[in-house]
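Comments concern the structure below.
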Amino acid sequence: MFSLEGQTALIVGIANDKSIAWGAARALRAQGARLAITYLNEKAEAFVRPLAEEVGAEIFMPLDVCNEAEMDAVFAEIGARWGRLDTVLHSIAFCPRDDLHGRVVDCSAKGFSLAMDVSVHSFLRMIRKAEPLMPDGGTCMTVSFAGATRVVEHYNIMGPVKAALESTVRYVAAELGPKGISVHALSPGPLATRAASGIAEFDELLDAAAERAPIHHLATIEDVGAYCAFLASREAKNVTGGVHAIDGGYSIIG
């Protein structure tokens with residue numbers, strides 16, 4: 001059995017106890033990792049702080065990825081407190097509601113730019129700041145969805161955004177592989193998270209996905225967390241650049 005004892009991990013994207021990032025935080029901590037957890041803003045803090053305390057997070061700080069000063073502060077604290085970082089999990093995405101619910105062809109330039117910045121470029125910024133803290137290698141992970149590679153009704157502009165995210169994973173994995181830094185995208189099927197609730201008719205998508213999947217039930221945040229913890233381990237050191245489906249086979253059905 002692999003162990004993360006003594007390793008350090010930054011978890012970005014916990015909104016509540018239904019978040020994929022929360023499943024990952026619990027799994028990483030269960031294997032011995034020391035955690036840094038961020039929250040979006042003062043409103044979110046009330047929901048995230050009890051969870052951070054539950055897993056004994058050693059660092060707990062605000063992080064709006066559009067605020068460069070906050071990101072600098074988080075990585076400065078990690079450097080000062082731990083001197084290194086083994087794992088980064090980027091589990092965030094955003095698109096303005098009107099752009100998310102409209103046709104892809106009608107997406108505004110502002111909405112597209114913001115969706116790409118929060119959902120994709122912020123991952124690059126985090127990796128860039130993590131790289132100096134990973135002199136002996138490390139693991140960087142983000143979260144995607146099957147809508148990146150095929151049309152999923154109501155997923156709309158987030159499909160092209162996630163496609164960009166997956167391509168980013170491949171290119172950065174190739175660039176950082178010589179340094180022993182692996183890069184991954186976790187791709188669960190539909191999950192009932194707070195972020196997903198913004199997608200129109202999402203309950204119907206959940207039901208259809210459960211029926212479509214070969215095992216006839218959806219993955220859980222615990223399933224995603226277990227896979228995340230494995231990828232963070234030394235046993236997964238030769239795995240990089242992939243989009244890992246954790247979806248009960250949902251993605252293999254035509």
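Order determines the names: the first chain of the structure tokens is A, the second B, and so forth; residues in each chain are numbered 1 upward, and ligands are numbered 1 upward as they are shown.
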
Next item on the list: Compile the contact shell of Glu175 of chain A as an NGL selection string: residues with an atom at most 12 Å away, counting only C-alpha atoms, same-chain residues fewer than 6 positions apart removed.
Entry: :A and (127-128 or 131 or 168-169 or 181-183 or 240-241)

Next item on the list: From the DSSP assignment of the backbone, select every residue of segment 80-213 of chain A that is alpha helix (DSSP H), and format the answer as a PyMOL selection string.
Entry: chain A and resi 80-81+97-101+109-116+122-130+158-176+202-212

Note to self: My list of candidates is A:Ala9, A:Ala15, A:Ala163, A:Cys140. Which is closest to Gly32 of chain A when distances are computed with only C-alpha atoms?
What the structure shows: A:Ala9

Next item on the list: Pick out the residues sitting within 12 Å of Arg234 of chain A, and hand them over as a ChimeraX atom specification; count only C-alpha atoms, and ignore anything fewer than 2 positions along from it in its own chain.
Entry: /A:1-5,7,86-87,136-139,180-182,229-232,236-239

Check: DSSP on the backbone: what in segment 37-203 of chain A comes out strand (DSSP E or B), as a PyMOL selection string?
Finding: chain A and resi 37-39+59-62+87-90+138-143+181-188

Taking N, CA, C and O atoms for each residue, export the selection above as a compact mmCIF listing (two decimals), in the first residue's frame.
```txt
# COMPACT_ATOMS: atom_id res chain seq x y z
N ILE A 37 -4.90 24.28 2.51
CA ILE A 37 -6.23 24.40 1.91
C ILE A 37 -6.58 25.87 1.76
O ILE A 37 -6.32 26.67 2.66
N THR A 38 -7.16 26.22 0.62
CA THR A 38 -7.56 27.60 0.39
C THR A 38 -9.07 27.71 0.28
O THR A 38 -9.77 26.73 0.04
N TYR A 39 -9.55 28.94 0.44
CA TYR A 39 -10.98 29.23 0.27
C TYR A 39 -11.10 30.48 -0.57
O TYR A 39 -10.22 31.34 -0.58
N ILE A 59 -2.00 24.88 6.77
CA ILE A 59 -2.09 26.21 6.16
C ILE A 59 -3.52 26.38 5.66
O ILE A 59 -4.07 25.49 5.01
N PHE A 60 -4.13 27.52 5.98
CA PHE A 60 -5.51 27.80 5.57
C PHE A 60 -5.57 29.28 5.20
O PHE A 60 -5.44 30.14 6.07
N MET A 61 -5.73 29.55 3.91
CA MET A 61 -5.62 30.93 3.43
C MET A 61 -6.62 31.22 2.33
O MET A 61 -7.07 30.30 1.62
N PRO A 62 -6.97 32.50 2.14
CA PRO A 62 -7.85 32.87 1.02
C PRO A 62 -7.09 32.80 -0.30
O PRO A 62 -5.89 33.09 -0.36
N THR A 87 2.53 18.13 -3.98
CA THR A 87 1.33 17.94 -4.79
C THR A 87 0.51 19.23 -4.84
O THR A 87 0.37 19.92 -3.83
N VAL A 88 -0.04 19.51 -6.03
CA VAL A 88 -0.98 20.60 -6.21
C VAL A 88 -2.25 20.02 -6.83
O VAL A 88 -2.18 19.29 -7.82
N LEU A 89 -3.39 20.34 -6.27
CA LEU A 89 -4.67 20.00 -6.89
C LEU A 89 -5.42 21.28 -7.20
O LEU A 89 -5.75 22.06 -6.31
N HIS A 90 -5.70 21.49 -8.49
CA HIS A 90 -6.45 22.64 -9.00
C HIS A 90 -7.83 22.11 -9.38
O HIS A 90 -7.98 21.40 -10.36
N GLY A 138 7.34 16.22 -8.32
CA GLY A 138 6.05 16.46 -7.67
C GLY A 138 4.92 16.10 -8.62
O GLY A 138 5.14 15.54 -9.70
N THR A 139 3.71 16.43 -8.20
CA THR A 139 2.52 16.08 -8.96
C THR A 139 1.57 17.27 -9.00
O THR A 139 1.27 17.87 -7.97
N CYS A 140 1.10 17.61 -10.20
CA CYS A 140 0.14 18.69 -10.39
C CYS A 140 -1.10 18.12 -11.06
O CYS A 140 -0.99 17.48 -12.12
N MET A 141 -2.26 18.34 -10.47
CA MET A 141 -3.50 17.76 -10.98
C MET A 141 -4.58 18.82 -11.14
O MET A 141 -4.64 19.77 -10.36
N THR A 142 -5.43 18.62 -12.14
CA THR A 142 -6.59 19.45 -12.34
C THR A 142 -7.79 18.55 -12.61
O THR A 142 -7.66 17.33 -12.62
N VAL A 143 -8.95 19.15 -12.83
CA VAL A 143 -10.18 18.37 -13.01
C VAL A 143 -10.85 18.74 -14.33
O VAL A 143 -11.10 19.92 -14.60
N ILE A 181 8.32 16.15 -12.50
CA ILE A 181 7.01 16.70 -12.14
C ILE A 181 5.96 16.15 -13.10
O ILE A 181 6.05 16.36 -14.31
N SER A 182 5.01 15.41 -12.57
CA SER A 182 3.95 14.84 -13.39
C SER A 182 2.74 15.76 -13.38
O SER A 182 2.52 16.51 -12.42
N VAL A 183 1.97 15.71 -14.45
CA VAL A 183 0.81 16.57 -14.62
C VAL A 183 -0.35 15.70 -15.10
O VAL A 183 -0.19 14.90 -16.03
N HIS A 184 -1.52 15.87 -14.47
CA HIS A 184 -2.66 15.01 -14.75
C HIS A 184 -3.97 15.80 -14.79
O HIS A 184 -4.09 16.84 -14.13
N ALA A 185 -4.93 15.26 -15.52
CA ALA A 185 -6.32 15.72 -15.43
C ALA A 185 -7.16 14.56 -14.93
O ALA A 185 -7.11 13.46 -15.49
N LEU A 186 -7.91 14.79 -13.88
CA LEU A 186 -8.88 13.82 -13.37
C LEU A 186 -10.21 14.10 -14.06
O LEU A 186 -10.66 15.25 -14.10
N SER A 187 -10.85 13.09 -14.62
CA SER A 187 -12.07 13.32 -15.38
C SER A 187 -13.20 12.42 -14.87
O SER A 187 -13.48 11.37 -15.46
N PRO A 188 -13.84 12.81 -13.79
CA PRO A 188 -14.98 12.05 -13.32
C PRO A 188 -16.19 12.30 -14.22
O PRO A 188 -16.25 13.31 -14.92
```

Notebook entry, point to check: In Å, with one decimal, what is the gap from atom CA of Asp247 of chain A to atom CA of Leu218 of chain A?
Noted result: 6.4 Å

Notebook entry, point to check: Just how far from atom CA of Arg125 of chain A is atom CA of Asp106 of chain A, in Å to one decimal?
Noted result: 28.1 Å

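Separating atom CA of Ala21 of chain A from atom CA of Val152 of chain A is a distance of 22.9 Å.
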
Notebook entry, point to check: Can you list, as a PyMOL selection string, every protein, DNA or RNA residue that comes within 12 Å of Glu211 of chain A when you count only C-alpha atoms, leaving out same-chain residues fewer than 3 positions away?
Noted result: chain A and resi 190+204-208+214-218+248-250+253

Note to self: I need the residue nearest Ile252 of chain A from this list: A:Ser233, A:Thr149, A:Ser113, A:Ser167. Use only C-alpha atoms for the distance.
What the structure shows: A:Thr149
